[in-house]
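For reference, the structure discussed in these notes is given below.
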Amino acid sequence: MTTPLHKAARARLLAIGATAAVALALAAYAYTRHEVATLRFEGWIEAYFIFVSPDESGRVETLSVREGDTVTVGAPLFALDADLQRAAVAENEAALANARVAFDRAKELLKKAVGSQKAFDDAEAALRTAEARLNSARTRLDRRRVASPVAGSAQEIYFRTGEMVQAGRPIVSLMPPENTRVRFFVPQAVLPQVKIGDTVAVGCDGCSAGMTARINFISAQAEFTPPIIYSLEERARLVFRIEAIPDQPQALRVGQPVSVSLAPAKGVSHAQR
């Protein structure tokens with residue numbers, strides 16, 4: 001026989017069961033949303049420039065590029081005055097001619113058994129030295145005209161026509177498209193989810209949709225690490241530098257801010273990773 005008390009108890013059990021079912025459904029939905037949530041980080045565009053400089057000091061005689069120009073491999077960039085180098089070539093050409101005459105004479109005398117083997121050997125050594133010096137002088141002359149070692153765009157011109165430049169000082173900086181990088185930072189809690197070769201989505205103001213980049217570098221050292229024993233709060237502030245190669249480098253500009261979206265692996269929660 002069912003009493004009012006039994007009916008009230010059954011109603012409470014049904015209400016508790018319904019509430020538990022709703023809570024479980026909400027938890028499952030939240031967990032699922034957590035599983036497929038997209039991690040988003042802010043970053044910017046970096047590039048590794050190629051700085052082109054002369055081997056020796058001199059005055060800039062000609063500039064063949066302007067900032068923003070597109071260059072190919074072997075395209076002329078600049079030339080320095082070459083009067084001294086041309087004079088050195090002429091001097092070594094004359095020295096080589098004299099050394100060749102001396103060598104021919106020593107060779108003829110040796111055949112006639114008039115000259116000595118030592119004189120012939122000395123003449124041959126002098127001839128080889130003169131040839132080497134002439135090759136060196138011609139190389140120095142050729143290097144007064146500098147061509148582009150890579151294909152890319154001219155970014156900066158540091159010296160203009162008529163200015164003196166020291167050896168090793170760059171005159172032009174070039175940016176090959178393949179040297180463009182997307183740089184961003186992730187906290188250490190997210191670091192295990194990032195792997196070399198992963199693809200990330202890249203977005204920026206005015207950029208076309210669907211741009212991606214492939215991660216090619218993960219720093220082994222944390223940035224902004226305090227030189228003290230870590231606490232839980234300090235560990236949360238540690239970040240690691242990540243770099244990725246964009247699939248459309250020509251559409252990006254150095255210093256441009258971008259948003260990087262990283263989709264975690266399915267079936268693994270952020271807390272577990």
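Identifiers in the structure tokens: chain A, B, ... in order shown; residue index from 1 per chain; ligand index from 1 in order shown.
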Near-A:Ala102 list (9 Å; only C-alpha atoms; drop same-chain fewer than 3 positions) as a list of chain:residue names: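 Contacts, with the query itself left out: A:Ala97, A:Asn98, A:Ala99, A:Arg105, A:Ala106, A:Lys107, A:Phe120, A:Ala123, A:Glu124, A:Ala126, A:Leu127.
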Residues flagged strand (DSSP E) by DSSP in stretch 114-194 of chain A, as a ChimeraX atom specification: /A:145-147,152-157,164-165,172-175,180-187
With N, CA and C atoms retained, export the selected residues as an mmCIF file, in the first residue's frame.
data_model
loop_
_atom_site.group_PDB
_atom_site.id
_atom_site.type_symbol
_atom_site.label_atom_id
_atom_site.label_comp_id
_atom_site.auth_asym_id
_atom_site.auth_seq_id
_atom_site.Cartn_x
_atom_site.Cartn_y
_atom_site.Cartn_z
ATOM 1 N N ARG A 145 82.353 44.636 -57.515
ATOM 2 C CA ARG A 145 80.960 44.610 -57.953
ATOM 3 C C ARG A 145 80.276 43.449 -57.253
ATOM 4 N N VAL A 146 79.257 43.755 -56.480
ATOM 5 C CA VAL A 146 78.615 42.754 -55.625
ATOM 6 C C VAL A 146 77.227 42.446 -56.170
ATOM 7 N N ALA A 147 76.942 41.146 -56.322
ATOM 8 C CA ALA A 147 75.639 40.684 -56.798
ATOM 9 C C ALA A 147 74.851 40.078 -55.640
ATOM 10 N N GLY A 152 64.926 37.941 -53.302
ATOM 11 C CA GLY A 152 64.089 38.565 -52.276
ATOM 12 C C GLY A 152 63.837 40.014 -52.600
ATOM 13 N N SER A 153 63.663 40.807 -51.571
ATOM 14 C CA SER A 153 63.407 42.234 -51.750
ATOM 15 C C SER A 153 64.420 43.041 -50.956
ATOM 16 N N ALA A 154 64.818 44.182 -51.507
ATOM 17 C CA ALA A 154 65.743 45.082 -50.821
ATOM 18 C C ALA A 154 64.986 45.842 -49.739
ATOM 19 N N GLN A 155 65.484 45.757 -48.514
ATOM 20 C CA GLN A 155 64.783 46.383 -47.389
ATOM 21 C C GLN A 155 65.376 47.734 -46.995
ATOM 22 N N GLU A 156 66.685 47.771 -46.822
ATOM 23 C CA GLU A 156 67.346 49.005 -46.380
ATOM 24 C C GLU A 156 68.597 49.256 -47.210
ATOM 25 N N ILE A 157 68.852 50.526 -47.516
ATOM 26 C CA ILE A 157 70.102 50.960 -48.141
ATOM 27 C C ILE A 157 70.834 51.803 -47.110
ATOM 28 N N MET A 164 81.813 56.692 -48.313
ATOM 29 C CA MET A 164 82.839 55.707 -47.983
ATOM 30 C C MET A 164 82.246 54.648 -47.061
ATOM 31 N N VAL A 165 82.627 53.411 -47.299
ATOM 32 C CA VAL A 165 82.141 52.309 -46.472
ATOM 33 C C VAL A 165 83.320 51.425 -46.094
ATOM 34 N N VAL A 172 73.505 46.967 -48.193
ATOM 35 C CA VAL A 172 72.113 46.625 -48.513
ATOM 36 C C VAL A 172 71.679 45.458 -47.628
ATOM 37 N N SER A 173 70.439 45.504 -47.176
ATOM 38 C CA SER A 173 69.855 44.346 -46.496
ATOM 39 C C SER A 173 68.745 43.781 -47.367
ATOM 40 N N LEU A 174 68.727 42.453 -47.476
ATOM 41 C CA LEU A 174 67.752 41.754 -48.308
ATOM 42 C C LEU A 174 66.891 40.854 -47.427
ATOM 43 N N MET A 175 65.657 40.653 -47.862
ATOM 44 C CA MET A 175 64.772 39.750 -47.135
ATOM 45 C C MET A 175 64.212 38.701 -48.085
ATOM 46 N N THR A 180 60.888 34.592 -43.672
ATOM 47 C CA THR A 180 59.819 35.169 -42.859
ATOM 48 C C THR A 180 59.358 34.160 -41.823
ATOM 49 N N ARG A 181 59.101 34.629 -40.608
ATOM 50 C CA ARG A 181 58.668 33.762 -39.520
ATOM 51 C C ARG A 181 57.510 34.396 -38.750
ATOM 52 N N VAL A 182 56.609 33.549 -38.299
ATOM 53 C CA VAL A 182 55.570 33.956 -37.349
ATOM 54 C C VAL A 182 56.097 33.639 -35.961
ATOM 55 N N ARG A 183 56.211 34.657 -35.126
ATOM 56 C CA ARG A 183 56.764 34.452 -33.785
ATOM 57 C C ARG A 183 55.684 34.711 -32.738
ATOM 58 N N PHE A 184 55.527 33.770 -31.824
ATOM 59 C CA PHE A 184 54.571 33.939 -30.735
ATOM 60 C C PHE A 184 55.073 33.180 -29.518
ATOM 61 N N PHE A 185 54.417 33.364 -28.386
ATOM 62 C CA PHE A 185 54.850 32.773 -27.127
ATOM 63 C C PHE A 185 53.691 31.998 -26.513
ATOM 64 N N VAL A 186 54.021 30.876 -25.906
ATOM 65 C CA VAL A 186 53.003 30.075 -25.234
ATOM 66 C C VAL A 186 53.454 29.825 -23.794
ATOM 67 N N PRO A 187 52.511 29.734 -22.861
ATOM 68 C CA PRO A 187 52.881 29.413 -21.472
ATOM 69 C C PRO A 187 53.329 27.966 -21.364
#
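If you look at atom CA of A:Thr199 and atom CA of A:Pro257, they are 18.5 Å away from each other.
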Long-range neighbours of A:Ala137 as a PyMOL selection string, 6 Å cut-off, only C-alpha atoms, 3 positions minimum in chain: chain A and resi 89+134+140
Quick one: write out the picked residues with N, CA and C atoms as a PDB file, in the first residue's frame?
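In the end it all went to selection10.pdb:
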ATOM      1  N   VAL A  89      95.899  44.767 -60.818  1.00  0.00           N
ATOM      2  CA  VAL A  89      95.816  43.748 -61.870  1.00  0.00           C
ATOM      3  C   VAL A  89      96.857  44.020 -62.953  1.00  0.00           C
ATOM      4  N   LEU A 134      98.310  37.324 -59.616  1.00  0.00           N
ATOM      5  CA  LEU A 134      97.421  37.896 -60.619  1.00  0.00           C
ATOM      6  C   LEU A 134      95.981  37.406 -60.401  1.00  0.00           C
ATOM      7  N   ARG A 140      89.987  40.311 -56.389  1.00  0.00           N
ATOM      8  CA  ARG A 140      89.695  41.543 -55.655  1.00  0.00           C
ATOM      9  C   ARG A 140      88.987  42.556 -56.546  1.00  0.00           C
TER      10      ARG A 140
END
Picked from stretch 48-181 of chain A by DSSP as alpha helix (DSSP H), as a PyMOL selection string: chain A and resi 83-111+117-142
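Between A:Ala47 and the candidates A:Asp198, A:Glu243, A:Asp81, A:Glu223, the tightest atom-to-atom separation, counting only C-alpha atoms, involves A:Glu243.
Non-sequential neighbours of A:Ser208 (distance at most 10 Å, separation of 4 or more positions within a chain, only C-alpha atoms) are Val202, Gly203, Cys204, Gln248 and Ala251 of chain A.
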Could the residues in this selection be saved with C-alpha atoms as a compact mmCIF listing (two decimals), in the first residue's frame?
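Once written, again-v4.txt looks like this:
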# COMPACT_ATOMS: atom_id res chain seq x y z
CA VAL A 202 47.41 32.77 -38.72
CA GLY A 203 45.16 35.79 -38.83
CA CYS A 204 45.74 39.53 -39.03
CA GLN A 248 52.07 32.87 -47.74
CA ALA A 251 51.32 38.50 -47.82
Straight-line distance linking atom CA of A:Asp247 with atom CA of A:Ala209, stated in Å to one decimal: 12.2 Å
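The coordinates place atom CA of A:Glu93 at 27.9 Å from atom CA of A:Gly74.
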